[in-house]
$ cat model-v7.txt   # compact mmCIF, C-alpha atoms and all ligand atoms
# COMPACT_ATOMS: atom_id res chain seq x y z
CA MET A 151 1.25 -39.33 45.42
CA THR A 152 3.69 -39.17 42.49
CA GLN A 153 2.91 -41.76 39.81
CA ALA A 154 5.72 -44.08 38.75
CA ASN A 155 8.16 -42.29 36.41
CA GLU A 156 6.43 -38.91 36.83
CA PRO A 157 8.59 -36.16 38.39
CA PHE A 158 5.65 -34.34 40.01
CA ASP A 159 2.04 -35.02 40.90
CA ALA A 160 -1.04 -32.97 40.17
CA VAL A 161 -2.06 -32.38 43.79
CA GLN A 162 1.35 -30.88 44.55
CA ILE A 163 1.01 -28.47 41.61
CA ILE A 164 -2.57 -27.51 42.55
CA THR A 165 -1.54 -26.88 46.16
CA ILE A 166 1.26 -24.52 45.14
CA LYS A 167 -1.14 -22.32 43.15
CA ARG A 168 -3.88 -22.62 45.76
CA ASP A 169 -1.43 -21.23 48.33
CA LYS A 170 -0.38 -18.38 46.01
CA GLY A 171 3.01 -19.90 45.23
CA THR A 172 4.99 -19.83 41.99
CA LEU A 173 5.44 -22.83 39.72
CA THR A 174 8.92 -23.65 38.44
CA PRO A 175 9.55 -23.98 34.68
CA GLU A 176 9.89 -27.76 35.11
CA GLN A 177 6.58 -27.98 36.96
CA ILE A 178 4.83 -25.99 34.22
CA ASP A 179 6.31 -28.09 31.40
CA TRP A 180 5.26 -31.24 33.19
CA THR A 181 1.73 -29.94 33.92
CA ILE A 182 0.94 -29.18 30.27
CA ASP A 183 2.58 -32.36 29.00
CA ALA A 184 0.98 -34.58 31.66
CA TYR A 185 -2.47 -33.09 31.00
CA THR A 186 -2.06 -33.66 27.25
CA ARG A 187 -1.04 -37.28 27.94
CA GLY A 188 -4.01 -37.82 30.28
CA VAL A 189 -1.87 -38.26 33.42
CA ILE A 190 -3.48 -35.20 35.00
CA ALA A 191 -7.26 -35.75 35.13
CA ASP A 192 -9.83 -33.16 34.07
CA GLU A 193 -10.97 -32.57 37.65
CA GLN A 194 -7.39 -31.87 38.72
CA MET A 195 -6.79 -29.48 35.84
CA SER A 196 -10.10 -27.76 36.66
CA ALA A 197 -8.91 -27.17 40.22
CA LEU A 198 -5.60 -25.80 38.96
CA ASN A 199 -7.35 -23.50 36.45
CA MET A 200 -9.55 -22.15 39.26
CA ALA A 201 -6.50 -21.55 41.48
CA ILE A 202 -4.87 -19.66 38.58
CA LEU A 203 -8.05 -17.65 38.01
CA LEU A 204 -8.17 -16.65 41.70
CA ASN A 205 -4.46 -16.19 42.42
CA GLY A 206 -2.93 -15.33 39.03
CA MET A 207 0.47 -16.15 37.59
CA ASP A 208 3.56 -14.01 37.22
CA ARG A 209 5.09 -13.02 33.86
CA ALA A 210 7.66 -15.82 33.86
CA GLU A 211 5.01 -18.44 34.65
CA ILE A 212 2.69 -17.23 31.86
CA SER A 213 5.56 -17.17 29.40
CA ARG A 214 6.58 -20.73 30.26
CA TRP A 215 2.94 -21.94 30.23
CA THR A 216 2.62 -20.49 26.71
CA ALA A 217 5.89 -22.11 25.56
CA ALA A 218 4.74 -25.47 26.94
CA MET A 219 1.47 -25.24 25.02
CA ILE A 220 3.36 -24.38 21.82
CA ALA A 221 5.62 -27.40 22.41
CA SER A 222 2.56 -29.67 22.63
CA GLY A 223 2.08 -29.45 18.84
CA GLU A 224 3.58 -28.43 15.51
CA ARG A 225 5.06 -25.06 14.68
CA MET A 226 4.62 -23.56 11.24
CA ASP A 227 7.52 -21.88 9.51
CA PHE A 228 7.10 -19.15 6.94
CA SER A 229 10.79 -18.24 6.75
CA GLY A 230 10.97 -19.92 3.32
CA LEU A 231 8.67 -17.29 1.75
CA ARG A 232 10.72 -15.33 -0.76
CA ARG A 233 10.31 -11.91 -2.24
CA PRO A 234 11.12 -11.55 -5.96
CA ASP A 235 14.55 -10.13 -5.00
CA GLY A 236 15.26 -13.30 -2.98
CA GLY A 237 14.79 -11.64 0.42
CA VAL A 238 12.51 -13.13 3.06
CA LYS A 239 8.94 -11.88 2.90
CA ALA A 240 7.68 -10.31 6.12
CA THR A 241 4.68 -12.11 7.62
CA VAL A 242 2.21 -10.17 9.75
CA ASP A 243 -0.94 -11.50 11.36
CA LYS A 244 -3.85 -9.84 13.14
CA HIS A 245 -5.88 -11.32 15.96
CA SER A 246 -9.09 -9.92 17.38
CA THR A 247 -10.38 -11.07 20.75
CA GLY A 248 -13.82 -11.14 19.14
CA GLY A 249 -16.79 -8.86 18.86
CA VAL A 250 -20.15 -8.32 17.22
CA GLY A 251 -20.04 -7.40 13.53
CA ASP A 252 -16.27 -7.82 13.54
CA LYS A 253 -15.60 -8.62 9.89
CA ILE A 254 -12.33 -6.67 9.76
CA THR A 255 -10.15 -9.68 8.84
CA LEU A 256 -11.98 -9.97 5.50
CA PRO A 257 -10.95 -6.62 3.98
CA LEU A 258 -7.76 -6.33 6.07
CA ALA A 259 -5.86 -9.45 4.92
CA PRO A 260 -6.05 -8.61 1.17
CA LEU A 261 -5.43 -4.92 1.88
CA VAL A 262 -2.14 -5.57 3.68
CA ALA A 263 -1.07 -8.10 1.02
CA VAL A 264 -1.31 -5.31 -1.61
CA PHE A 265 1.94 -3.93 -0.15
CA GLY A 266 3.93 -7.17 -0.55
CA VAL A 267 3.51 -8.41 3.02
CA ALA A 268 2.36 -12.01 3.58
CA VAL A 269 -0.74 -12.29 5.79
CA PRO A 270 -1.45 -15.77 7.19
CA GLN A 271 -4.84 -15.54 8.94
CA LEU A 272 -5.48 -18.87 10.59
CA SER A 273 -8.97 -18.38 11.92
CA GLY A 274 -11.74 -20.06 13.85
CA ARG A 275 -15.48 -20.54 13.86
CA GLY A 276 -17.87 -18.64 16.07
CA LEU A 277 -19.22 -19.90 19.35
CA GLY A 278 -21.90 -17.95 21.19
CA HIS A 279 -22.69 -14.35 20.33
CA THR A 280 -19.41 -13.45 18.57
CA GLY A 281 -19.18 -14.55 14.95
CA GLY A 282 -16.38 -16.58 13.40
CA THR A 283 -14.41 -15.50 10.35
CA LEU A 284 -14.67 -18.96 8.75
CA ASP A 285 -18.46 -19.02 9.17
CA LYS A 286 -18.67 -15.70 7.35
CA LEU A 287 -16.44 -16.77 4.45
CA GLU A 288 -18.26 -20.08 4.08
CA ALA A 289 -21.28 -18.04 2.96
CA ILE A 290 -19.38 -17.59 -0.35
CA PRO A 291 -20.38 -20.41 -2.73
CA GLY A 292 -17.57 -22.94 -3.14
CA TRP A 293 -15.15 -21.38 -0.63
CA ARG A 294 -13.03 -23.91 1.26
CA ALA A 295 -11.62 -23.28 4.78
CA ALA A 296 -9.39 -26.36 5.12
CA LEU A 297 -5.98 -26.02 3.44
CA SER A 298 -2.84 -28.10 3.80
CA ASN A 299 0.31 -26.41 5.11
CA GLN A 300 1.73 -26.52 1.56
CA GLU A 301 -1.39 -24.86 0.14
CA ILE A 302 -1.10 -22.11 2.77
CA LEU A 303 2.53 -21.49 1.85
CA ASP A 304 1.82 -21.52 -1.90
CA GLN A 305 -1.06 -19.08 -1.54
CA LEU A 306 1.00 -16.75 0.64
CA GLN A 307 3.78 -16.80 -1.94
CA ASP A 308 1.48 -16.24 -4.96
CA ILE A 309 -1.24 -13.98 -3.58
CA GLY A 310 0.05 -12.78 -0.21
CA ALA A 311 -3.09 -13.41 1.83
CA VAL A 312 -4.76 -16.53 3.13
CA ILE A 313 -7.65 -16.88 5.55
CA CYS A 314 -8.21 -20.51 6.48
CA ALA A 315 -8.88 -22.92 9.33
CA ALA A 316 -6.15 -23.39 11.91
CA GLY A 317 -5.10 -27.04 11.73
CA SER A 318 -5.59 -29.29 14.74
CA GLY A 319 -1.80 -29.69 15.04
CA LEU A 320 -1.29 -26.19 16.50
CA ALA A 321 -1.11 -26.15 20.32
CA PRO A 322 -3.30 -29.26 20.92
CA ALA A 323 -2.89 -28.77 24.69
CA ASP A 324 -4.83 -25.53 24.34
CA LYS A 325 -7.70 -27.28 22.58
CA LYS A 326 -8.15 -29.65 25.51
CA LEU A 327 -7.63 -26.93 28.11
CA TYR A 328 -9.97 -24.43 26.47
CA ALA A 329 -12.80 -26.99 26.28
CA LEU A 330 -12.33 -27.67 30.00
CA ARG A 331 -12.26 -23.95 30.90
CA ASP A 332 -15.44 -23.46 28.93
CA VAL A 333 -17.39 -25.81 31.23
CA THR A 334 -15.72 -24.92 34.56
CA GLY A 335 -16.13 -21.13 34.73
CA THR A 336 -12.43 -20.48 34.18
CA VAL A 337 -12.37 -18.89 30.74
CA GLU A 338 -11.92 -15.39 32.19
CA ALA A 339 -8.49 -15.90 33.80
CA ILE A 340 -6.16 -13.42 32.09
CA PRO A 341 -3.05 -15.69 32.24
CA LEU A 342 -5.07 -18.50 30.65
CA ILE A 343 -6.65 -16.32 27.93
CA ALA A 344 -3.34 -14.68 27.06
CA SER A 345 -1.43 -17.98 26.88
CA SER A 346 -4.24 -19.64 24.92
CA ILE A 347 -4.35 -16.97 22.23
CA MET A 348 -0.62 -16.39 22.04
CA SER A 349 0.37 -20.06 21.97
CA LYS A 350 -1.66 -20.51 18.78
CA LYS A 351 -0.40 -17.28 17.22
CA ILE A 352 3.26 -18.01 18.00
CA ALA A 353 2.94 -21.63 16.79
CA GLU A 354 1.51 -20.24 13.56
CA GLY A 355 4.95 -18.81 12.81
CA THR A 356 4.16 -15.19 12.02
CA GLY A 357 6.97 -12.62 12.28
CA SER A 358 4.74 -9.86 13.67
CA LEU A 359 1.33 -9.70 15.25
CA VAL A 360 -1.19 -6.91 15.71
CA LEU A 361 -3.80 -7.59 18.38
CA ASP A 362 -7.23 -5.98 18.39
CA VAL A 363 -8.35 -6.29 22.01
CA LYS A 364 -12.02 -5.46 22.27
CA VAL A 365 -13.55 -3.71 25.29
CA GLY A 366 -17.24 -3.34 26.00
CA SER A 367 -20.58 -5.08 26.26
CA GLY A 368 -20.11 -7.23 23.14
CA ALA A 369 -16.56 -8.26 24.08
CA PHE A 370 -15.00 -10.82 26.32
CA MET A 371 -13.55 -8.05 28.47
CA LYS A 372 -16.29 -5.71 29.63
CA ASP A 373 -14.05 -3.20 31.39
CA GLU A 374 -11.07 -1.26 30.17
CA ASP A 375 -8.66 -2.11 32.99
CA ARG A 376 -8.96 -5.84 32.42
CA ALA A 377 -8.73 -5.44 28.65
CA ARG A 378 -5.59 -3.36 29.11
CA GLU A 379 -4.08 -6.00 31.39
CA LEU A 380 -4.87 -8.70 28.82
CA ALA A 381 -3.34 -6.62 26.01
CA GLU A 382 -0.19 -5.89 28.00
CA THR A 383 0.20 -9.55 28.92
CA MET A 384 -0.17 -10.68 25.30
CA VAL A 385 2.23 -8.04 23.98
CA ALA A 386 4.83 -9.15 26.54
CA LEU A 387 4.33 -12.83 25.62
CA GLY A 388 4.78 -12.04 21.94
CA LYS A 389 7.99 -10.15 22.61
CA ASP A 390 9.33 -12.94 24.87
CA ALA A 391 8.85 -15.31 21.92
CA GLY A 392 10.55 -13.00 19.41
CA VAL A 393 7.28 -11.95 17.70
CA ASN A 394 7.01 -8.22 17.14
CA THR A 395 3.64 -7.56 18.83
CA VAL A 396 1.46 -4.46 19.29
CA ALA A 397 -2.12 -4.15 20.48
CA LEU A 398 -4.96 -1.71 19.94
CA LEU A 399 -7.71 -1.46 22.54
CA THR A 400 -10.94 -0.87 20.62
CA ASN A 401 -14.53 -0.23 21.57
CA MET A 402 -17.12 -3.02 21.43
CA ASP A 403 -20.10 -1.38 23.15
CA THR A 404 -21.64 -0.92 19.68
CA PRO A 405 -21.46 -3.50 16.84
CA LEU A 406 -18.91 -2.78 14.13
CA GLY A 407 -20.53 -1.66 10.90
CA LEU A 408 -24.18 -2.12 10.02
CA THR A 409 -24.33 -5.92 9.83
CA ALA A 410 -23.99 -8.86 12.23
CA GLY A 411 -24.27 -12.26 10.55
CA ASN A 412 -22.43 -14.22 7.89
CA ALA A 413 -23.37 -13.43 4.25
CA ILE A 414 -24.38 -9.88 5.19
CA GLU A 415 -20.97 -9.29 6.77
CA VAL A 416 -19.24 -10.59 3.64
CA GLN A 417 -21.36 -8.20 1.58
CA GLU A 418 -20.35 -5.28 3.84
CA SER A 419 -16.68 -6.28 3.61
CA VAL A 420 -16.92 -6.26 -0.18
CA GLU A 421 -18.39 -2.74 0.03
CA VAL A 422 -15.31 -1.69 2.04
CA LEU A 423 -13.04 -3.33 -0.56
CA ALA A 424 -14.91 -1.38 -3.23
CA GLY A 425 -13.99 1.89 -1.50
CA GLY A 426 -17.28 2.37 0.40
CA GLY A 427 -18.77 0.75 3.50
CA PRO A 428 -19.46 2.03 7.02
CA GLU A 429 -17.07 4.61 8.45
CA ASP A 430 -16.12 2.63 11.57
CA VAL A 431 -15.25 -0.52 9.60
CA VAL A 432 -13.11 1.52 7.19
CA GLU A 433 -11.41 3.40 10.04
CA LEU A 434 -10.46 0.26 11.95
CA THR A 435 -9.40 -1.62 8.80
CA VAL A 436 -7.10 1.21 7.72
CA ARG A 437 -5.66 1.72 11.21
CA LEU A 438 -4.92 -1.99 11.67
CA ALA A 439 -3.40 -2.12 8.17
CA GLU A 440 -1.10 0.81 9.09
CA GLU A 441 -0.04 -0.99 12.27
CA MET A 442 0.61 -4.25 10.38
CA LEU A 443 2.57 -2.51 7.65
CA ALA A 444 4.64 -0.60 10.23
CA CYS A 445 5.48 -3.97 11.84
CA ALA A 446 6.79 -5.08 8.44
CA GLY A 447 8.91 -1.92 8.19
CA ILE A 448 6.62 -0.19 5.67
CA ASN A 449 5.77 3.31 6.87
CA ASP A 450 4.98 5.15 3.64
CA ALA A 451 2.03 3.08 2.38
CA ASP A 452 -1.46 4.50 1.94
CA PRO A 453 -3.92 1.66 2.69
CA ALA A 454 -6.96 3.96 2.39
CA ALA A 455 -5.96 4.60 -1.26
CA ALA A 456 -5.65 0.85 -1.92
CA LEU A 457 -9.27 0.41 -0.82
CA LYS A 458 -10.43 3.24 -3.08
CA ASP A 459 -8.53 2.26 -6.25
CA GLY A 460 -9.43 -1.45 -6.35
CA ARG A 461 -6.00 -2.95 -5.53
CA ALA A 462 -7.30 -4.58 -2.32
CA MET A 463 -10.35 -5.89 -4.20
CA ASP A 464 -8.08 -7.54 -6.80
CA VAL A 465 -6.24 -9.43 -4.05
CA TRP A 466 -9.58 -10.38 -2.41
CA ASN A 467 -10.90 -11.85 -5.69
CA ARG A 468 -7.73 -13.90 -6.18
CA MET A 469 -7.71 -15.02 -2.54
CA ILE A 470 -11.33 -16.23 -2.70
CA GLU A 471 -10.83 -17.96 -6.07
CA ALA A 472 -7.67 -19.73 -4.85
CA GLN A 473 -9.80 -21.40 -2.17
CA GLY A 474 -12.51 -22.52 -4.60
CA GLY A 475 -14.89 -19.61 -4.00
CA ASP A 476 -16.67 -17.55 -6.62
CA PRO A 477 -16.32 -13.89 -5.58
CA LYS A 478 -18.93 -12.85 -8.16
CA ALA A 479 -21.60 -15.39 -7.15
CA PRO A 480 -24.70 -14.05 -5.41
CA LEU A 481 -24.54 -14.54 -1.64
CA PRO A 482 -27.25 -16.51 0.18
CA VAL A 483 -30.24 -14.45 1.31
CA ALA A 484 -32.42 -15.27 4.34
CA LYS A 485 -35.93 -16.48 3.46
CA GLU A 486 -37.71 -14.31 6.07
CA SER A 487 -37.25 -10.84 7.50
CA GLU A 488 -38.83 -8.72 10.19
CA VAL A 489 -38.28 -5.05 10.95
CA VAL A 490 -37.65 -3.52 14.39
CA TYR A 491 -38.78 0.13 14.59
CA ALA A 492 -37.42 3.09 16.55
CA PRO A 493 -39.49 3.59 19.71
CA ALA A 494 -39.09 7.41 19.88
CA ASP A 495 -37.77 10.52 18.13
CA GLY A 496 -34.25 11.61 19.04
CA VAL A 497 -30.55 10.86 18.82
CA LEU A 498 -29.55 7.21 18.98
CA LEU A 499 -27.13 7.20 21.91
CA GLU A 500 -26.57 3.48 22.40
CA LEU A 501 -27.02 0.36 20.30
CA ASP A 502 -25.89 -2.45 22.55
CA ALA A 503 -23.41 -4.83 20.92
CA LEU A 504 -24.18 -7.80 23.17
CA SER A 505 -27.93 -7.56 22.48
CA VAL A 506 -27.37 -7.41 18.71
CA GLY A 507 -24.88 -10.29 18.91
CA VAL A 508 -27.30 -12.46 20.87
CA ALA A 509 -30.14 -11.60 18.46
CA ALA A 510 -28.02 -12.54 15.41
CA TRP A 511 -27.03 -15.76 17.12
CA ARG A 512 -30.64 -16.64 18.00
CA LEU A 513 -31.67 -15.94 14.39
CA GLY A 514 -29.29 -18.71 13.30
CA ALA A 515 -26.08 -16.82 12.44
CA GLY A 516 -24.15 -18.48 15.28
CA ARG A 517 -24.02 -21.81 17.05
CA ALA A 518 -24.62 -22.91 20.63
CA ARG A 519 -22.57 -26.11 20.32
CA LYS A 520 -19.46 -26.79 18.23
CA GLU A 521 -21.28 -29.25 15.99
CA ASP A 522 -24.26 -26.96 15.13
CA ALA A 523 -24.64 -25.62 11.57
CA VAL A 524 -25.03 -21.88 10.96
CA GLN A 525 -27.43 -20.18 8.55
CA ALA A 526 -25.50 -18.21 5.94
CA GLY A 527 -28.24 -15.61 5.41
CA ALA A 528 -29.25 -15.03 9.05
CA GLY A 529 -28.37 -11.98 11.10
CA VAL A 530 -29.20 -8.39 11.95
CA ARG A 531 -28.95 -5.50 9.51
CA MET A 532 -28.80 -2.14 11.31
CA HIS A 533 -30.16 1.01 9.71
CA ALA A 534 -28.72 3.55 12.15
CA LYS A 535 -25.68 3.79 14.41
CA PRO A 536 -25.14 5.88 17.55
CA GLY A 537 -25.05 9.55 16.66
CA ALA A 538 -27.83 9.31 14.06
CA TYR A 539 -31.16 11.12 14.46
CA VAL A 540 -34.05 8.65 14.35
CA ARG A 541 -37.82 9.12 14.24
CA ALA A 542 -40.39 6.98 16.05
CA GLY A 543 -41.66 4.25 13.73
CA GLU A 544 -38.62 4.39 11.43
CA PRO A 545 -36.87 1.05 10.72
CA LEU A 546 -33.97 0.62 13.14
CA MET A 547 -32.95 -2.95 12.34
CA THR A 548 -33.99 -5.79 10.03
CA LEU A 549 -33.89 -9.29 11.43
CA LEU A 550 -33.05 -12.05 8.94
CA THR A 551 -33.54 -15.82 9.23
CA ASP A 552 -34.67 -18.92 7.34
CA THR A 553 -36.63 -20.03 10.43
CA PRO A 554 -39.24 -17.40 11.39
CA GLU A 555 -40.03 -19.07 14.71
CA LYS A 556 -36.72 -17.54 15.86
CA PHE A 557 -37.94 -13.93 15.55
CA GLU A 558 -39.56 -13.78 19.01
CA ARG A 559 -36.45 -14.78 20.94
CA ALA A 560 -34.30 -12.47 18.83
CA LYS A 561 -36.65 -9.55 19.56
CA GLU A 562 -36.48 -10.38 23.28
CA ALA A 563 -32.69 -10.02 23.11
CA LEU A 564 -33.14 -6.58 21.54
CA GLN A 565 -35.71 -5.31 24.05
CA ASP A 566 -33.37 -2.94 25.92
CA SER A 567 -30.77 -2.59 23.20
CA VAL A 568 -31.27 1.06 22.26
CA VAL A 569 -31.08 4.34 24.17
CA ILE A 570 -32.51 7.39 22.44
CA GLY A 571 -31.72 10.89 23.80
CA PRO A 572 -33.03 14.37 23.10
CA GLU A 573 -31.96 16.29 20.01
CA GLY A 574 -28.49 17.78 20.50
CA SER A 575 -27.21 14.97 22.76
CA ARG A 576 -24.14 13.08 21.62
CA PRO A 577 -23.11 9.47 22.19
CA ALA A 578 -19.88 8.71 24.04
CA GLN A 579 -17.94 7.17 21.16
CA ARG A 580 -14.28 6.37 20.81
CA LEU A 581 -13.52 3.51 18.44
CA ILE A 582 -9.78 3.26 19.09
CA ILE A 583 -9.15 3.65 22.81
CA ASP A 584 -5.41 3.09 23.09
CA ARG A 585 -2.32 1.48 21.60
CA ILE A 586 -0.08 -0.80 23.63
CA SER A 587 3.40 -1.77 22.48
N1 LIG A 601 -9.76 -17.21 22.50
C1 LIG A 601 -8.86 -18.18 22.68
O1 LIG A 601 -8.32 -18.71 21.72
N2 LIG A 601 -8.57 -18.57 23.93
C2 LIG A 601 -9.14 -18.02 25.02
O2 LIG A 601 -8.82 -18.39 26.13
C3 LIG A 601 -10.07 -17.01 24.82
C4 LIG A 601 -10.37 -16.62 23.54

$ encode --input "model-v7.txt" --output "C-alpha cells"
Amino acid sequence: MTQANEPFDAVQIITIKRDKGTLTPEQIDWTIDAYTRGVIADEQMSALNMAILLNGMDRAEISRWTAAMIASGERMDFSGLRRPDGGVKATVDKHSTGGVGDKITLPLAPLVAVFGVAVPQLSGRGLGHTGGTLDKLEAIPGWRAALSNQEILDQLQDIGAVICAAGSGLAPADKKLYALRDVTGTVEAIPLIASSIMSKKIAEGTGSLVLDVKVGSGAFMKDEDRARELAETMVALGKDAGVNTVALLTNMDTPLGLTAGNAIEVQESVEVLAGGGPEDVVELTVRLAEEMLACAGINDADPAAALKDGRAMDVWNRMIEAQGGDPKAPLPVAKESEVVYAPADGVLLELDALSVGVAAWRLGAGRARKEDAVQAGAGVRMHAKPGAYVRAGEPLMTLLTDTPEKFERAKEALQDSVVIGPEGSRPAQRLIIDRIS
C-alpha cells in the first residue's frame, strides 16, 4: 500500500525486480531517497537487494541508481584548482577494489603529483582481510586523516596530492545501503558494487579515474569474468557521468610486495619512493601512474625516473608533513615476532593472498568490526615471492604482533598457503591482466 504523499511503495518496487522487470528512473530515485529517509524499511531494502543480486539491473538502471546515490549527499568540486598559468588543474584519482599488501596509493599519489596533476585520494579504513589506506598512514606518528574540504583544496593546490578520509557527506545513501548488504549476503551483486564505488568517486569530483580491479584469491572478485564485468560496468558508469575512466584488471592471487600490515607497508612504500622496493609494487605503481597521467593528457612523462631521482619522495614528505605527520620519525615496531619456515626445497609456485591477508588480520593489522582498533606494527613480512627458489627450513615469512597469543590462529590461516614445486617449474604469474576503457 502506498503511504500518504509517497508516489510508490516498497513492495511494488521489490515485486518488479523479483519478476525480472525494469525500474523506471522515477522509481529508482524514489527508492534511494525513501530508503535514506527511512520510509523504506531495512527488511524491504534487503529483499530488493537480493532481487537485484539474483536478477541484475540493466545499464540505464545502474546509471540512475548511481546518480540517485550521488544526489543523496554533497558533491565536491575541484574546478577551482588553478595552474600557475591560470588554467584549470587536471584532477585524477585511483581506486582499487582492495587486495592484500595493496599499498600502491601511498607511492602513487605523490608520484603523479610530481607532474603537476592534482590527486585527491579520499580513502577508507580496512575491514576484514584487506587493509585500509588510512590505517596504514596512521602508523606515521602525528599523521591526521580527517581534513576539511578547504584543507583538501589547499593541499591539492600547494602540494598536488592528498590522501585523507572521505567525509560522511559523500553519498550517505551508500553508507546505509552498504552496511545492510554486509549483513544480508548481498555485497557481491555487481550492479550494487559498481554503483557503490562509483557514486563515491563521482561525488568526489575528480575529472578522471583509474580503477585497479583486483582478481584472485585475495580479492573481492575471485574469477576473471566477474572482475571484467565489474570493471566494464564501472568504466561505463564513469563515462555516463562525464568522468574519464579506465580500468586495469590486476592479479591478486599473491600479495603485492613483501609486506601485509600497516607500518611495514608504509616502510615498503617509502622504499619504492626511494627508488627501490619490490618489483611488482614498482611495476604496478608506474603503470597506474602512466594511466593517470595519460588521463590528464600527459603522455611524455617518465614516472619511473621520478621514483629514482627523489622527486616523488619530496612530494611524499611534504604531503605527510601537511597532515601533521613526521616522515622521518621511526615507525612503530611490533613487540613480538615468529618465523614461518619453508616446508621443502624447490620453487615457490604459490603464496596465497587470502591466507596471508587473513593471517595479517588475525595478528592485529586489521579489524573485525568498524569500531575495533588496529595494531600499527602487526602484519606479515614475506621473505620470498612466487618464482623464488627456497630451501626447507629457510624463513618464508615473519609474523609480527604486539599480542603473541594471536600467533596460533595466524599460523592456522597460513597452513595451506604455499605450494612448492620441483626445480625448473615456473609459477603462473601475470600482474596486469588487461586494460578496459
Ligand atoms: N567497496 C565499496 O565501496 N562498495 C562496495 O559495494 C564494495 C566495495

$ residues_near_ligand --input "model-v7.txt" --ligand "ligand LIG 601 (chain A)" --cutoff "8 Å" --atoms "all atoms listed in the file" --output "PyMOL selection string"
chain A and resi 247-248+324+328+337-338+342-347+350+370

$ closest_atom_pairs --input "model-v7.txt" --of "segment 482-526 of chain A" --to "segment 551-555 of chain A" --cutoff "12 Å" --atoms "only C-alpha atoms" --output "JSON lines"
{"residue": "A:Pro482", "atom": "CA", "partner": "A:Asp552", "partner_atom": "CA", "distance": 10.6}
{"residue": "A:Val483", "atom": "CA", "partner": "A:Thr551", "partner_atom": "CA", "distance": 8.7}
{"residue": "A:Ala484", "atom": "CA", "partner": "A:Thr551", "partner_atom": "CA", "distance": 5.0}
{"residue": "A:Lys485", "atom": "CA", "partner": "A:Asp552", "partner_atom": "CA", "distance": 4.8}
{"residue": "A:Glu486", "atom": "CA", "partner": "A:Thr551", "partner_atom": "CA", "distance": 5.4}
{"residue": "A:Ser487", "atom": "CA", "partner": "A:Thr551", "partner_atom": "CA", "distance": 6.4}
{"residue": "A:Glu488", "atom": "CA", "partner": "A:Pro554", "partner_atom": "CA", "distance": 8.8}
{"residue": "A:Val489", "atom": "CA", "partner": "A:Thr551", "partner_atom": "CA", "distance": 11.9}
{"residue": "A:Ala509", "atom": "CA", "partner": "A:Thr551", "partner_atom": "CA", "distance": 10.7}
{"residue": "A:Ala510", "atom": "CA", "partner": "A:Thr551", "partner_atom": "CA", "distance": 8.9}
{"residue": "A:Trp511", "atom": "CA", "partner": "A:Thr551", "partner_atom": "CA", "distance": 10.2}
{"residue": "A:Arg512", "atom": "CA", "partner": "A:Thr551", "partner_atom": "CA", "distance": 9.3}
{"residue": "A:Leu513", "atom": "CA", "partner": "A:Thr551", "partner_atom": "CA", "distance": 5.5}
{"residue": "A:Gly514", "atom": "CA", "partner": "A:Thr551", "partner_atom": "CA", "distance": 6.6}
{"residue": "A:Ala515", "atom": "CA", "partner": "A:Thr551", "partner_atom": "CA", "distance": 8.2}
{"residue": "A:Gly516", "atom": "CA", "partner": "A:Thr551", "partner_atom": "CA", "distance": 11.5}
{"residue": "A:Val524", "atom": "CA", "partner": "A:Thr551", "partner_atom": "CA", "distance": 10.6}
{"residue": "A:Gln525", "atom": "CA", "partner": "A:Asp552", "partner_atom": "CA", "distance": 7.4}
{"residue": "A:Ala526", "atom": "CA", "partner": "A:Thr551", "partner_atom": "CA", "distance": 9.0}

$ write_last_selection --input "model-v7.txt" --atoms "C-alpha atoms" --output "short mmCIF file (atom, residue, chain, number, x, y, z; two decimals), keeping the file's coordinate frame"
data_model
loop_
_atom_site.label_atom_id
_atom_site.label_comp_id
_atom_site.auth_asym_id
_atom_site.auth_seq_id
_atom_site.Cartn_x
_atom_site.Cartn_y
_atom_site.Cartn_z
CA PRO A 482 -27.25 -16.51 0.18
CA VAL A 483 -30.24 -14.45 1.31
CA ALA A 484 -32.42 -15.27 4.34
CA LYS A 485 -35.93 -16.48 3.46
CA GLU A 486 -37.71 -14.31 6.07
CA SER A 487 -37.25 -10.84 7.50
CA GLU A 488 -38.83 -8.72 10.19
CA VAL A 489 -38.28 -5.05 10.95
CA ALA A 509 -30.14 -11.60 18.46
CA ALA A 510 -28.02 -12.54 15.41
CA TRP A 511 -27.03 -15.76 17.12
CA ARG A 512 -30.64 -16.64 18.00
CA LEU A 513 -31.67 -15.94 14.39
CA GLY A 514 -29.29 -18.71 13.30
CA ALA A 515 -26.08 -16.82 12.44
CA GLY A 516 -24.15 -18.48 15.28
CA VAL A 524 -25.03 -21.88 10.96
CA GLN A 525 -27.43 -20.18 8.55
CA ALA A 526 -25.50 -18.21 5.94
#

$ residues_near_point --input "model-v7.txt" --point "(-14.1, -21.8, 36.9)" --cutoff "12 Å" --atoms "all atoms listed in the file" --output "PyMOL selection string"
chain A and resi 193+195-204+328-339+342

$ closest_residue --input "model-v7.txt" --among "A:Arg225, A:Lys286, A:Arg209, A:Arg585" --to "Thr409 of chain A" --atoms "only C-alpha atoms"
A:Lys286

$ closest_residue --input "model-v7.txt" --among "A:Pro257, A:Gly274, A:Gly355, A:Pro341" --to "Leu231 of chain A" --atoms "all atoms listed in the file"
A:Gly355

$ atom_distance --input "model-v7.txt" --atom1 "atom CA of Asp169 of chain A" --atom2 "atom CA of Ala191 of chain A"
20.5 Å

$ atom_distance --input "model-v7.txt" --atom1 "atom CA of Ala494 of chain A" --atom2 "atom CA of Leu406 of chain A"
23.3 Å

$ atom_distance --input "model-v7.txt" --atom1 "atom CA of Arg461 of chain A" --atom2 "atom CA of Asp235 of chain A"
21.8 Å

$ closest_residue --input "model-v7.txt" --among "A:Ala462, A:Ala218, A:Ile583, A:Val540" --to "Leu498 of chain A" --atoms "all atoms listed in the file"
A:Val540

$ residues_around --input "model-v7.txt" --residues "Glu521 of chain A" --least-positions-apart "4" --cutoff "12 Å" --atoms "only C-alpha atoms" --output "MDAnalysis selection string"
chainID A and resid 275:277 516:517

$ write_last_selection --input "model-v7.txt" --atoms "C-alpha atoms" --output "PDB file, in the frame of the given file"
ATOM      1  CA  ARG A 275     -15.480 -20.540  13.860  1.00  0.00           C
ATOM      2  CA  GLY A 276     -17.870 -18.640  16.070  1.00  0.00           C
ATOM      3  CA  LEU A 277     -19.220 -19.900  19.350  1.00  0.00           C
ATOM      4  CA  GLY A 516     -24.150 -18.480  15.280  1.00  0.00           C
ATOM      5  CA  ARG A 517     -24.020 -21.810  17.050  1.00  0.00           C
TER       6      ARG A 517
END
